[in-house]
file structure_11.cif (mmCIF, C-alpha atoms)
data_coords
loop_
_atom_site.group_PDB
_atom_site.id
_atom_site.type_symbol
_atom_site.label_atom_id
_atom_site.label_comp_id
_atom_site.auth_asym_id
_atom_site.auth_seq_id
_atom_site.Cartn_x
_atom_site.Cartn_y
_atom_site.Cartn_z
ATOM 1 C CA MET J 1 -1.811 -10.215 -2.084
ATOM 2 C CA PHE J 2 -2.326 -11.670 1.380
ATOM 3 C CA ASP J 3 -5.574 -13.442 2.129
ATOM 4 C CA LEU J 4 -5.378 -13.752 5.909
ATOM 5 C CA ARG J 5 -8.408 -12.953 8.058
ATOM 6 C CA ASP J 6 -6.649 -12.573 11.396
ATOM 7 C CA SER J 7 -3.378 -11.318 12.823
ATOM 8 C CA LYS J 8 -0.597 -13.850 12.313
ATOM 9 C CA SER J 9 3.140 -13.965 12.800
ATOM 10 C CA ILE J 10 4.904 -14.369 9.465
ATOM 11 C CA GLN J 11 8.403 -14.166 8.061
ATOM 12 C CA PHE J 12 9.515 -11.028 6.270
ATOM 13 C CA LYS J 13 10.726 -11.381 2.683
ATOM 14 C CA PRO J 14 11.872 -8.576 0.357
ATOM 15 C CA GLN J 15 8.885 -9.004 -1.965
ATOM 16 C CA ILE J 16 6.528 -8.461 0.966
ATOM 17 C CA ARG J 17 7.653 -4.835 1.085
ATOM 18 C CA ASP J 18 6.746 -4.441 -2.579
ATOM 19 C CA ALA J 19 3.239 -5.744 -1.898
ATOM 20 C CA MET J 20 2.511 -2.769 0.375
ATOM 21 C CA PHE J 21 2.375 -0.213 -2.443
ATOM 22 C CA GLY J 22 0.059 -1.584 -5.129
ATOM 23 C CA ASP J 23 2.511 -0.814 -7.928
ATOM 24 C CA PHE J 24 3.498 -4.156 -9.423
ATOM 25 C CA SER J 25 4.385 -4.259 -13.120
ATOM 26 C CA TRP J 26 2.330 -5.842 -15.894
ATOM 27 C CA GLN J 27 4.709 -8.812 -15.756
ATOM 28 C CA TRP J 28 3.373 -9.601 -12.296
ATOM 29 C CA MET J 29 -0.063 -11.096 -11.812
ATOM 30 C CA PRO J 30 -1.340 -12.677 -8.580
ATOM 31 C CA ILE J 31 -3.099 -15.387 -10.586
ATOM 32 C CA GLU J 32 -2.696 -16.964 -13.983
ATOM 33 C CA PRO J 33 -5.252 -16.076 -16.687
ATOM 34 C CA GLY J 34 -7.543 -19.042 -17.209
ATOM 35 C CA SER J 35 -7.078 -20.465 -13.730
ATOM 36 C CA ALA J 36 -9.991 -21.074 -11.363
ATOM 37 C CA ALA J 37 -8.949 -18.081 -9.248
ATOM 38 C CA SER J 38 -9.117 -15.808 -12.294
ATOM 39 C CA THR J 39 -12.922 -15.998 -12.182
ATOM 40 C CA LEU J 40 -12.951 -14.013 -8.920
ATOM 41 C CA GLU J 41 -13.142 -10.230 -9.016
ATOM 42 C CA PRO J 42 -11.252 -8.031 -9.248
ATOM 43 C CA TRP J 43 -8.620 -10.549 -10.367
ATOM 44 C CA ALA J 44 -10.746 -11.591 -13.338
ATOM 45 C CA SER J 45 -10.698 -7.970 -14.506
ATOM 46 C CA PHE J 46 -6.961 -7.619 -13.900
ATOM 47 C CA ALA J 47 -6.370 -10.805 -15.897
ATOM 48 C CA ARG J 48 -8.604 -9.529 -18.694
ATOM 49 C CA ALA J 49 -6.785 -6.170 -18.757
ATOM 50 C CA LYS J 50 -3.452 -7.960 -19.041
ATOM 51 C CA GLN J 51 -4.722 -10.023 -21.957
ATOM 52 C CA GLN J 52 -5.958 -6.830 -23.630
ATOM 53 C CA ILE J 53 -2.563 -5.213 -23.142
ATOM 54 C CA ASP J 54 -0.829 -8.303 -24.510
ATOM 55 C CA ILE J 55 -2.787 -8.020 -27.777
ATOM 56 C CA GLY J 56 -2.244 -4.275 -27.988
ATOM 57 C CA ASP J 57 -5.783 -3.162 -27.149
ATOM 58 C CA SER J 58 -4.963 -0.442 -24.627
ATOM 59 C CA SER J 59 -8.367 1.235 -25.007
ATOM 60 C CA ALA J 60 -10.131 -1.912 -23.854
ATOM 61 C CA ALA J 61 -7.636 -2.336 -21.016
ATOM 62 C CA ILE J 62 -8.337 1.214 -19.847
ATOM 63 C CA GLN J 63 -12.076 0.508 -19.780
ATOM 64 C CA THR J 64 -11.480 -2.691 -17.807
ATOM 65 C CA LEU J 65 -9.240 -0.958 -15.291
ATOM 66 C CA ARG J 66 -11.705 1.899 -14.916
ATOM 67 C CA SER J 67 -14.348 -0.670 -14.035
ATOM 68 C CA ILE J 68 -12.105 -1.813 -11.165
ATOM 69 C CA VAL J 69 -11.612 1.659 -9.684
ATOM 70 C CA ASP J 70 -15.370 2.240 -9.979
ATOM 71 C CA THR J 71 -16.212 -0.969 -8.113
ATOM 72 C CA PRO J 72 -17.112 -0.351 -4.450
ATOM 73 C CA ASN J 73 -15.739 -2.222 -1.437
ATOM 74 C CA LEU J 74 -12.519 -3.578 -2.911
ATOM 75 C CA GLU J 75 -9.253 -3.666 -0.978
ATOM 76 C CA SER J 76 -7.354 -0.384 -1.007
ATOM 77 C CA ARG J 77 -4.313 -1.977 -2.626
ATOM 78 C CA GLN J 78 -6.477 -3.286 -5.445
ATOM 79 C CA TYR J 79 -7.539 0.279 -6.234
ATOM 80 C CA LEU J 80 -3.889 1.359 -6.039
ATOM 81 C CA GLN J 81 -2.865 -1.379 -8.448
ATOM 82 C CA ALA J 82 -5.590 -0.448 -10.937
ATOM 83 C CA TRP J 83 -4.574 3.214 -10.811
ATOM 84 C CA HIS J 84 -0.922 2.268 -11.241
ATOM 85 C CA PHE J 85 -1.764 0.435 -14.461
ATOM 86 C CA LEU J 86 -4.001 3.279 -15.635
ATOM 87 C CA ARG J 87 -1.211 5.826 -15.159
ATOM 88 C CA GLU J 88 1.108 3.579 -17.163
ATOM 89 C CA LEU J 89 -1.479 3.750 -19.941
ATOM 90 C CA GLY J 90 -1.505 7.549 -19.771
ATOM 91 C CA VAL J 91 -4.686 7.943 -17.704
ATOM 92 C CA GLU J 92 -4.402 10.325 -14.757
ATOM 93 C CA PRO J 93 -7.058 10.705 -12.055
ATOM 94 C CA GLY J 94 -9.201 13.806 -12.019
ATOM 95 C CA PRO J 95 -8.592 16.510 -9.409
ATOM 96 C CA ASP J 96 -11.373 15.100 -7.240
ATOM 97 C CA GLN J 97 -9.544 11.744 -7.036
ATOM 98 C CA ALA J 98 -5.855 12.595 -7.344
ATOM 99 C CA LYS J 99 -5.325 13.388 -3.659
ATOM 100 C CA THR J 100 -7.452 10.599 -2.218
ATOM 101 C CA LEU J 101 -5.352 8.840 0.404
ATOM 102 C CA LEU J 102 -5.350 5.092 -0.247
ATOM 103 C CA GLY J 103 -2.578 4.090 2.126
ATOM 104 C CA VAL J 104 0.279 5.106 4.401
ATOM 105 C CA VAL J 105 3.527 3.138 4.643
ATOM 106 C CA VAL J 106 6.126 4.292 7.161
ATOM 107 C CA GLU J 107 9.586 2.749 6.782
ATOM 108 C CA VAL J 108 12.455 3.045 9.241
ATOM 109 C CA GLY J 109 15.973 2.002 8.330
ATOM 110 C CA MET J 110 17.447 -0.045 11.174
ATOM 111 C CA PRO J 111 21.060 -1.197 11.655
ATOM 112 C CA ASN J 112 20.131 -4.734 10.601
ATOM 113 C CA GLY J 113 17.188 -4.210 8.260
ATOM 114 C CA LEU J 114 13.868 -2.429 7.931
ATOM 115 C CA ASP J 115 10.925 -1.708 10.218
ATOM 116 C CA LEU J 116 7.687 -1.061 8.338
ATOM 117 C CA VAL J 117 4.167 -0.063 9.391
ATOM 118 C CA ALA J 118 1.385 0.184 6.819
ATOM 119 C CA ALA J 119 -2.319 1.034 6.935
ATOM 120 C CA TRP J 120 -5.062 1.430 4.355
ATOM 121 C CA PRO J 121 -8.609 2.871 4.369
ATOM 122 C CA ASP J 122 -10.086 -0.647 4.267
ATOM 123 C CA HIS J 123 -8.711 -0.925 7.838
ATOM 124 C CA HIS J 124 -6.116 -3.501 6.926
ATOM 125 C CA ALA J 125 -2.681 -2.994 8.464
ATOM 126 C CA ARG J 126 0.785 -4.541 8.569
ATOM 127 C CA TYR J 127 3.801 -4.412 10.816
ATOM 128 C CA TYR J 128 7.134 -5.954 9.832
ATOM 129 C CA ASN J 129 10.150 -5.943 12.098
ATOM 130 C CA PHE J 130 13.760 -5.918 10.886
ATOM 131 C CA SER J 131 14.241 -9.274 12.638
ATOM 132 C CA GLY J 132 11.920 -10.951 10.148
ATOM 133 C CA ALA J 133 8.778 -11.165 12.282
ATOM 134 C CA GLY J 134 5.535 -9.458 11.326
ATOM 135 C CA VAL J 135 1.838 -9.063 11.966
ATOM 136 C CA VAL J 136 -0.885 -9.043 9.303
ATOM 137 C CA TRP J 137 -4.234 -7.462 10.209
ATOM 138 C CA GLU J 138 -7.150 -8.079 7.833
ATOM 139 C CA ARG J 139 -9.814 -6.534 10.083
ATOM 140 C CA PRO J 140 -11.395 -9.539 11.805
ATOM 141 C CA ASN J 141 -12.984 -6.910 14.073
ATOM 142 C CA ASP J 142 -12.963 -3.122 14.514
ATOM 143 C CA SER J 143 -10.539 -2.953 17.444
ATOM 144 C CA LEU J 144 -7.783 -1.276 15.392
ATOM 145 C CA ASP J 145 -10.008 1.021 13.349
ATOM 146 C CA LYS J 146 -9.208 4.107 15.424
ATOM 147 C CA ALA J 147 -5.444 3.552 15.365
ATOM 148 C CA ILE J 148 -5.571 3.058 11.587
ATOM 149 C CA ASP J 149 -7.817 6.097 11.061
ATOM 150 C CA ASP J 150 -5.504 8.222 13.213
ATOM 151 C CA LEU J 151 -2.578 7.386 10.948
ATOM 152 C CA LEU J 152 -4.565 8.059 7.785
ATOM 153 C CA ASN J 153 -5.922 11.346 9.152
ATOM 154 C CA VAL J 154 -2.478 12.778 9.891
ATOM 155 C CA GLY J 155 -1.143 11.458 6.597
ATOM 156 C CA LEU J 156 -3.747 13.241 4.473
ATOM 157 C CA PRO J 157 -2.382 16.794 5.015
ATOM 158 C CA VAL J 158 1.089 15.562 4.037
ATOM 159 C CA LEU J 159 -0.290 14.021 0.847
ATOM 160 C CA ARG J 160 -2.012 17.282 -0.038
ATOM 161 C CA ALA J 161 1.109 19.346 0.630
ATOM 162 C CA ILE J 162 3.534 17.511 -1.666
ATOM 163 C CA GLY J 163 3.554 16.357 -5.267
ATOM 164 C CA PRO J 164 3.744 12.808 -6.601
ATOM 165 C CA TRP J 165 7.042 11.032 -7.199
ATOM 166 C CA LYS J 166 7.354 10.479 -10.958
ATOM 167 C CA GLN J 167 10.263 8.057 -10.937
ATOM 168 C CA LYS J 168 10.621 4.424 -9.925
ATOM 169 C CA ARG J 169 9.826 3.821 -6.260
ATOM 170 C CA PRO J 170 13.075 4.092 -4.265
ATOM 171 C CA ASN J 171 14.660 1.174 -2.481
ATOM 172 C CA GLU J 172 14.173 0.930 1.257
ATOM 173 C CA PRO J 173 15.621 3.800 3.346
ATOM 174 C CA THR J 174 19.107 3.557 4.757
ATOM 175 C CA LYS J 175 20.057 3.200 8.413
ATOM 176 C CA ASP J 176 18.576 5.861 10.745
ATOM 177 C CA ALA J 177 16.383 7.321 7.985
ATOM 178 C CA VAL J 178 12.591 7.296 8.049
ATOM 179 C CA ARG J 179 10.402 7.527 4.963
ATOM 180 C CA ILE J 180 6.724 8.447 5.018
ATOM 181 C CA ASN J 181 4.995 7.057 1.925
ATOM 182 C CA LEU J 182 1.539 8.371 0.988
ATOM 183 C CA LEU J 183 -0.295 6.293 -1.626
ATOM 184 C CA SER J 184 -2.938 7.784 -3.912
ATOM 185 C CA PRO J 185 -4.495 7.433 -7.384
ATOM 186 C CA SER J 186 -1.955 9.986 -8.626
ATOM 187 C CA GLY J 187 0.931 7.849 -7.393
ATOM 188 C CA LEU J 188 3.469 7.709 -4.606
ATOM 189 C CA HIS J 189 4.147 10.799 -2.484
ATOM 190 C CA PHE J 190 6.864 10.626 0.144
ATOM 191 C CA GLY J 191 9.032 12.537 2.538
ATOM 192 C CA GLU J 192 12.259 11.248 4.036
ATOM 193 C CA GLY J 193 14.837 12.342 6.567
ATOM 194 C CA PRO J 194 16.732 11.430 9.723
ATOM 195 C CA MET J 195 14.434 10.119 12.426
ATOM 196 C CA ASN J 196 15.535 12.726 14.977
ATOM 197 C CA LEU J 197 14.602 15.541 12.585
ATOM 198 C CA LEU J 198 11.502 14.170 10.887
ATOM 199 C CA SER J 199 9.938 13.148 14.194
ATOM 200 C CA ARG J 200 9.992 16.840 15.194
ATOM 201 C CA ASP J 201 8.665 18.095 11.885
ATOM 202 C CA PRO J 202 5.198 19.748 12.177
ATOM 203 C CA MET J 203 3.793 17.460 9.486
ATOM 204 C CA GLY J 204 6.013 14.396 9.674
ATOM 205 C CA GLY J 205 6.045 14.169 13.462
ATOM 206 C CA PRO J 206 2.339 13.363 13.872
ATOM 207 C CA VAL J 207 2.596 10.668 11.180
ATOM 208 C CA ILE J 208 5.525 8.996 12.923
ATOM 209 C CA ALA J 209 3.749 9.191 16.282
ATOM 210 C CA ALA J 210 0.539 7.669 14.867
ATOM 211 C CA ALA J 211 2.509 4.946 13.082
ATOM 212 C CA THR J 212 4.260 4.121 16.353
ATOM 213 C CA ARG J 213 0.935 3.776 18.165
ATOM 214 C CA LEU J 214 -0.398 1.501 15.427
ATOM 215 C CA MET J 215 2.780 -0.569 15.571
ATOM 216 C CA GLN J 216 2.369 -0.981 19.331
ATOM 217 C CA ALA J 217 -1.260 -2.029 18.876
ATOM 218 C CA LEU J 218 -0.271 -4.630 16.293
ATOM 219 C CA ILE J 219 2.510 -5.987 18.510
ATOM 220 C CA ALA J 220 0.085 -6.210 21.409
ATOM 221 C CA LEU J 221 -2.042 -8.618 19.374
ATOM 222 C CA THR J 222 0.745 -11.191 19.491
ATOM 223 C CA LYS J 223 0.812 -11.087 23.305
ATOM 224 C CA LYS J 224 -2.858 -11.946 23.793
#
call {"tool": "encode", "arguments": {"input": "structure_11.cif", "output": "structure tokens"}}
result
Amino acid sequence: MFDLRDSKSIQFKPQIRDAMFGDFSWQWMPIEPGSAASTLEPWASFARAKQQIDIGDSSAAIQTLRSIVDTPNLESRQYLQAWHFLRELGVEPGPDQAKTLLGVVVEVGMPNGLDLVAAWPDHHARYYNFSGAGVVWERPNDSLDKAIDDLLNVGLPVLRAIGPWKQKRPNEPTKDAVRINLLSPSGLHFGEGPMNLLSRDPMGGPVIAAATRLMQALIALTKK
């Protein structure tokens, strides 16, 4: 996970896209168990859950992961990651949690790569351009809160209208296609189609418009 406290230009790498969704496998851990960083929460709990899984104690791992999702004021992607592991262990969120929106990732297939805009309820946001440039926003102030909230607010009705994707997350969309990813405790929900059609869709259109405004706000940060 990124630990940047301001907007910065960075270089896009394929694994950066994967970090947007909070659905890494058990084989991935951001820190090594036993390291100094593993004493920090929630990574200490993630490391402990992995150790419990490794010894076959799934019941203990479930309790540990539940303690993460019950902890207030974590990053949205940390909640997503905990729920991803819980679902793998057969634990599904209750109806009061299943359709909680924990993130929106809008991907646009370009001729030479991928454009991506992402936002989460913790008011963190990302923009990555197909050229390799990007902006990371870790909420050093509240200047982008409205643009982020606008995207989340129009994404919520889409999340509630469609069911979760039960298979492996698809690879990035192809040229001229746009994919709207809605992230929740119950998993990934998404809609996809040609840009010229989805941008006119009654539900998809507002999401694309809000994502475009957020993208423009993030780009503007690099010009100040």
call {"tool": "residues_around", "arguments": {"input": "structure_11.cif", "residues": "region 199-208 of chain J", "least_positions_apart": "4", "cutoff": "8 Å", "atoms": "only C-alpha atoms", "output": "mmCIF file with C-alpha atoms, keeping the file's coordinate frame"}}
result
data_model
loop_
_atom_site.group_PDB
_atom_site.id
_atom_site.type_symbol
_atom_site.label_atom_id
_atom_site.label_comp_id
_atom_site.auth_asym_id
_atom_site.auth_seq_id
_atom_site.Cartn_x
_atom_site.Cartn_y
_atom_site.Cartn_z
ATOM 1 C CA VAL J 106 6.126 4.292 7.161
ATOM 2 C CA LEU J 151 -2.578 7.386 10.948
ATOM 3 C CA VAL J 154 -2.478 12.778 9.891
ATOM 4 C CA GLY J 155 -1.143 11.458 6.597
ATOM 5 C CA PRO J 157 -2.382 16.794 5.015
ATOM 6 C CA VAL J 158 1.089 15.562 4.037
ATOM 7 C CA ILE J 180 6.724 8.447 5.018
ATOM 8 C CA GLY J 191 9.032 12.537 2.538
ATOM 9 C CA MET J 195 14.434 10.119 12.426
ATOM 10 C CA THR J 212 4.260 4.121 16.353
#
call {"tool": "closest_residue", "arguments": {"input": "structure_11.cif", "among": "J:Leu218, J:Ser184, J:Ala49, J:Gly94", "to": "Val135 (chain J)", "atoms": "only C-alpha atoms"}}
result
J:Leu218
call {"tool": "closest_residue", "arguments": {"input": "structure_11.cif", "among": "J:Met215, J:Val178, J:Leu197, J:Ile62", "to": "Glu107 (chain J)", "atoms": "all atoms listed in the file"}}
result
J:Val178
call {"tool": "atom_distance", "arguments": {"input": "structure_11.cif", "atom1": "CA of Phe85 (chain J)", "atom2": "CA of Ile148 (chain J)"}}
result
26.5 Å
call {"tool": "closest_residue", "arguments": {"input": "structure_11.cif", "among": "J:Leu152, J:Asn171, J:Phe24, J:Ser67", "to": "Ala209 (chain J)", "atoms": "all atoms listed in the file"}}
result
J:Leu152
call {"tool": "closest_residue", "arguments": {"input": "structure_11.cif", "among": "J:His84, J:Arg66, J:Arg126, J:Lys175", "to": "Met20 (chain J)", "atoms": "all atoms listed in the file"}}
result
J:Arg126
call {"tool": "closest_residue", "arguments": {"input": "structure_11.cif", "among": "J:Arg213, J:Arg139, J:Lys99, J:Arg17", "to": "Pro164 (chain J)", "atoms": "only C-alpha atoms"}}
result
J:Lys99
call {"tool": "resolve_selection", "arguments": {"input": "structure_11.cif", "expression": "the PyMOL selection byres ((chain J and resi 122) around 8)", "output": "mmCIF file with C-alpha atoms, in the frame of the given file"}}
result
data_model
loop_
_atom_site.group_PDB
_atom_site.id
_atom_site.type_symbol
_atom_site.label_atom_id
_atom_site.label_comp_id
_atom_site.auth_asym_id
_atom_site.auth_seq_id
_atom_site.Cartn_x
_atom_site.Cartn_y
_atom_site.Cartn_z
ATOM 1 C CA GLU J 75 -9.253 -3.666 -0.978
ATOM 2 C CA SER J 76 -7.354 -0.384 -1.007
ATOM 3 C CA TRP J 120 -5.062 1.430 4.355
ATOM 4 C CA PRO J 121 -8.609 2.871 4.369
ATOM 5 C CA HIS J 123 -8.711 -0.925 7.838
ATOM 6 C CA HIS J 124 -6.116 -3.501 6.926
#
call {"tool": "atom_distance", "arguments": {"input": "structure_11.cif", "atom1": "CA of Gln81 (chain J)", "atom2": "CA of Gly22 (chain J)"}}
result
4.4 Å
call {"tool": "atom_distance", "arguments": {"input": "structure_11.cif", "atom1": "CA of Asp150 (chain J)", "atom2": "CA of Ser186 (chain J)"}}
result
22.2 Å
call {"tool": "decode", "arguments": {"input": "structure_11.cif", "residues": "region 72-83 of chain J", "atoms": "all heavy atoms", "output": "PDB file, in the first residue's frame"}}
result
ATOM      1  N   PRO J  72     -12.293   1.139  13.793  1.00  0.00           N
ATOM      2  CA  PRO J  72     -12.636   2.389  13.101  1.00  0.00           C
ATOM      3  C   PRO J  72     -11.402   3.088  12.532  1.00  0.00           C
ATOM      4  O   PRO J  72     -10.272   2.871  12.977  1.00  0.00           O
ATOM      5  CB  PRO J  72     -13.273   3.240  14.205  1.00  0.00           C
ATOM      6  CG  PRO J  72     -12.651   2.729  15.473  1.00  0.00           C
ATOM      7  CD  PRO J  72     -12.418   1.260  15.257  1.00  0.00           C
ATOM      8  N   ASN J  73     -11.665   3.915  11.509  1.00  0.00           N
ATOM      9  CA  ASN J  73     -10.680   4.866  10.979  1.00  0.00           C
ATOM     10  C   ASN J  73      -9.482   4.223  10.287  1.00  0.00           C
ATOM     11  O   ASN J  73      -8.402   4.807  10.240  1.00  0.00           O
ATOM     12  CB  ASN J  73     -10.189   5.807  12.080  1.00  0.00           C
ATOM     13  CG  ASN J  73     -11.317   6.584  12.728  1.00  0.00           C
ATOM     14  OD1 ASN J  73     -12.237   7.047  12.044  1.00  0.00           O
ATOM     15  ND2 ASN J  73     -11.261   6.715  14.041  1.00  0.00           N
ATOM     16  N   LEU J  74      -9.665   3.033   9.725  1.00  0.00           N
ATOM     17  CA  LEU J  74      -8.625   2.465   8.884  1.00  0.00           C
ATOM     18  C   LEU J  74      -8.802   2.968   7.460  1.00  0.00           C
ATOM     19  O   LEU J  74      -9.820   3.576   7.106  1.00  0.00           O
ATOM     20  CB  LEU J  74      -8.691   0.936   8.906  1.00  0.00           C
ATOM     21  CG  LEU J  74      -8.468   0.258  10.262  1.00  0.00           C
ATOM     22  CD1 LEU J  74      -8.558  -1.254  10.095  1.00  0.00           C
ATOM     23  CD2 LEU J  74      -7.127   0.654  10.867  1.00  0.00           C
ATOM     24  N   GLU J  75      -7.831   2.677   6.597  1.00  0.00           N
ATOM     25  CA  GLU J  75      -7.973   3.008   5.184  1.00  0.00           C
ATOM     26  C   GLU J  75      -9.021   2.092   4.557  1.00  0.00           C
ATOM     27  O   GLU J  75      -9.160   0.926   4.924  1.00  0.00           O
ATOM     28  CB  GLU J  75      -6.642   2.835   4.459  1.00  0.00           C
ATOM     29  CG  GLU J  75      -5.575   3.834   4.869  1.00  0.00           C
ATOM     30  CD  GLU J  75      -4.335   3.721   4.010  1.00  0.00           C
ATOM     31  OE1 GLU J  75      -4.412   3.148   2.904  1.00  0.00           O
ATOM     32  OE2 GLU J  75      -3.277   4.202   4.453  1.00  0.00           O
ATOM     33  N   SER J  76      -9.732   2.621   3.577  1.00  0.00           N
ATOM     34  CA  SER J  76     -10.795   1.846   2.933  1.00  0.00           C
ATOM     35  C   SER J  76     -10.264   0.554   2.325  1.00  0.00           C
ATOM     36  O   SER J  76     -10.899  -0.503   2.411  1.00  0.00           O
ATOM     37  CB  SER J  76     -11.461   2.697   1.845  1.00  0.00           C
ATOM     38  OG  SER J  76     -12.013   3.869   2.391  1.00  0.00           O
ATOM     39  N   ARG J  77      -9.078   0.617   1.720  1.00  0.00           N
ATOM     40  CA  ARG J  77      -8.536  -0.590   1.097  1.00  0.00           C
ATOM     41  C   ARG J  77      -8.125  -1.636   2.133  1.00  0.00           C
ATOM     42  O   ARG J  77      -8.081  -2.825   1.827  1.00  0.00           O
ATOM     43  CB  ARG J  77      -7.353  -0.240   0.199  1.00  0.00           C
ATOM     44  CG  ARG J  77      -7.771   0.462  -1.095  1.00  0.00           C
ATOM     45  CD  ARG J  77      -6.591   0.747  -1.982  1.00  0.00           C
ATOM     46  NE  ARG J  77      -5.666   1.660  -1.336  1.00  0.00           N
ATOM     47  CZ  ARG J  77      -4.403   1.823  -1.719  1.00  0.00           C
ATOM     48  NH1 ARG J  77      -3.918   1.113  -2.705  1.00  0.00           N
ATOM     49  NH2 ARG J  77      -3.625   2.699  -1.090  1.00  0.00           N
ATOM     50  N   GLN J  78      -7.842  -1.219   3.344  1.00  0.00           N
ATOM     51  CA  GLN J  78      -7.552  -2.187   4.387  1.00  0.00           C
ATOM     52  C   GLN J  78      -8.813  -2.954   4.776  1.00  0.00           C
ATOM     53  O   GLN J  78      -8.771  -4.167   5.009  1.00  0.00           O
ATOM     54  CB  GLN J  78      -6.928  -1.480   5.589  1.00  0.00           C
ATOM     55  CG  GLN J  78      -5.536  -0.932   5.277  1.00  0.00           C
ATOM     56  CD  GLN J  78      -5.002   0.029   6.321  1.00  0.00           C
ATOM     57  OE1 GLN J  78      -5.769   0.556   7.141  1.00  0.00           O
ATOM     58  NE2 GLN J  78      -3.708   0.268   6.307  1.00  0.00           N
ATOM     59  N   TYR J  79      -9.947  -2.256   4.838  1.00  0.00           N
ATOM     60  CA  TYR J  79     -11.215  -2.958   5.063  1.00  0.00           C
ATOM     61  C   TYR J  79     -11.518  -3.907   3.905  1.00  0.00           C
ATOM     62  O   TYR J  79     -11.961  -5.052   4.117  1.00  0.00           O
ATOM     63  CB  TYR J  79     -12.357  -1.957   5.207  1.00  0.00           C
ATOM     64  CG  TYR J  79     -12.299  -1.113   6.451  1.00  0.00           C
ATOM     65  CD1 TYR J  79     -12.306   0.281   6.373  1.00  0.00           C
ATOM     66  CD2 TYR J  79     -12.249  -1.688   7.725  1.00  0.00           C
ATOM     67  CE1 TYR J  79     -12.262   1.071   7.519  1.00  0.00           C
ATOM     68  CE2 TYR J  79     -12.207  -0.911   8.871  1.00  0.00           C
ATOM     69  CZ  TYR J  79     -12.206   0.470   8.765  1.00  0.00           C
ATOM     70  OH  TYR J  79     -12.154   1.251   9.896  1.00  0.00           O
ATOM     71  N   LEU J  80     -11.293  -3.445   2.673  1.00  0.00           N
ATOM     72  CA  LEU J  80     -11.538  -4.301   1.510  1.00  0.00           C
ATOM     73  C   LEU J  80     -10.684  -5.555   1.566  1.00  0.00           C
ATOM     74  O   LEU J  80     -11.157  -6.662   1.261  1.00  0.00           O
ATOM     75  CB  LEU J  80     -11.258  -3.527   0.221  1.00  0.00           C
ATOM     76  CG  LEU J  80     -12.295  -2.480  -0.173  1.00  0.00           C
ATOM     77  CD1 LEU J  80     -11.732  -1.545  -1.236  1.00  0.00           C
ATOM     78  CD2 LEU J  80     -13.572  -3.159  -0.685  1.00  0.00           C
ATOM     79  N   GLN J  81      -9.420  -5.394   1.936  1.00  0.00           N
ATOM     80  CA  GLN J  81      -8.530  -6.551   1.999  1.00  0.00           C
ATOM     81  C   GLN J  81      -8.980  -7.533   3.072  1.00  0.00           C
ATOM     82  O   GLN J  81      -8.971  -8.758   2.855  1.00  0.00           O
ATOM     83  CB  GLN J  81      -7.101  -6.099   2.266  1.00  0.00           C
ATOM     84  CG  GLN J  81      -6.063  -7.204   2.141  1.00  0.00           C
ATOM     85  CD  GLN J  81      -5.965  -7.752   0.726  1.00  0.00           C
ATOM     86  OE1 GLN J  81      -5.663  -7.024  -0.219  1.00  0.00           O
ATOM     87  NE2 GLN J  81      -6.222  -9.034   0.566  1.00  0.00           N
ATOM     88  N   ALA J  82      -9.389  -7.026   4.229  1.00  0.00           N
ATOM     89  CA  ALA J  82      -9.868  -7.916   5.291  1.00  0.00           C
ATOM     90  C   ALA J  82     -11.123  -8.671   4.852  1.00  0.00           C
ATOM     91  O   ALA J  82     -11.245  -9.881   5.095  1.00  0.00           O
ATOM     92  CB  ALA J  82     -10.138  -7.117   6.566  1.00  0.00           C
ATOM     93  N   TRP J  83     -12.038  -7.971   4.184  1.00  0.00           N
ATOM     94  CA  TRP J  83     -13.249  -8.650   3.712  1.00  0.00           C
ATOM     95  C   TRP J  83     -12.927  -9.658   2.615  1.00  0.00           C
ATOM     96  O   TRP J  83     -13.565 -10.727   2.531  1.00  0.00           O
ATOM     97  CB  TRP J  83     -14.274  -7.626   3.212  1.00  0.00           C
ATOM     98  CG  TRP J  83     -15.134  -7.086   4.303  1.00  0.00           C
ATOM     99  CD1 TRP J  83     -15.206  -5.808   4.777  1.00  0.00           C
ATOM    100  CD2 TRP J  83     -16.078  -7.840   5.079  1.00  0.00           C
ATOM    101  NE1 TRP J  83     -16.119  -5.714   5.798  1.00  0.00           N
ATOM    102  CE2 TRP J  83     -16.672  -6.949   6.002  1.00  0.00           C
ATOM    103  CE3 TRP J  83     -16.476  -9.175   5.097  1.00  0.00           C
ATOM    104  CZ2 TRP J  83     -17.638  -7.355   6.920  1.00  0.00           C
ATOM    105  CZ3 TRP J  83     -17.436  -9.587   6.009  1.00  0.00           C
ATOM    106  CH2 TRP J  83     -18.004  -8.687   6.902  1.00  0.00           C
TER     107      TRP J  83
END
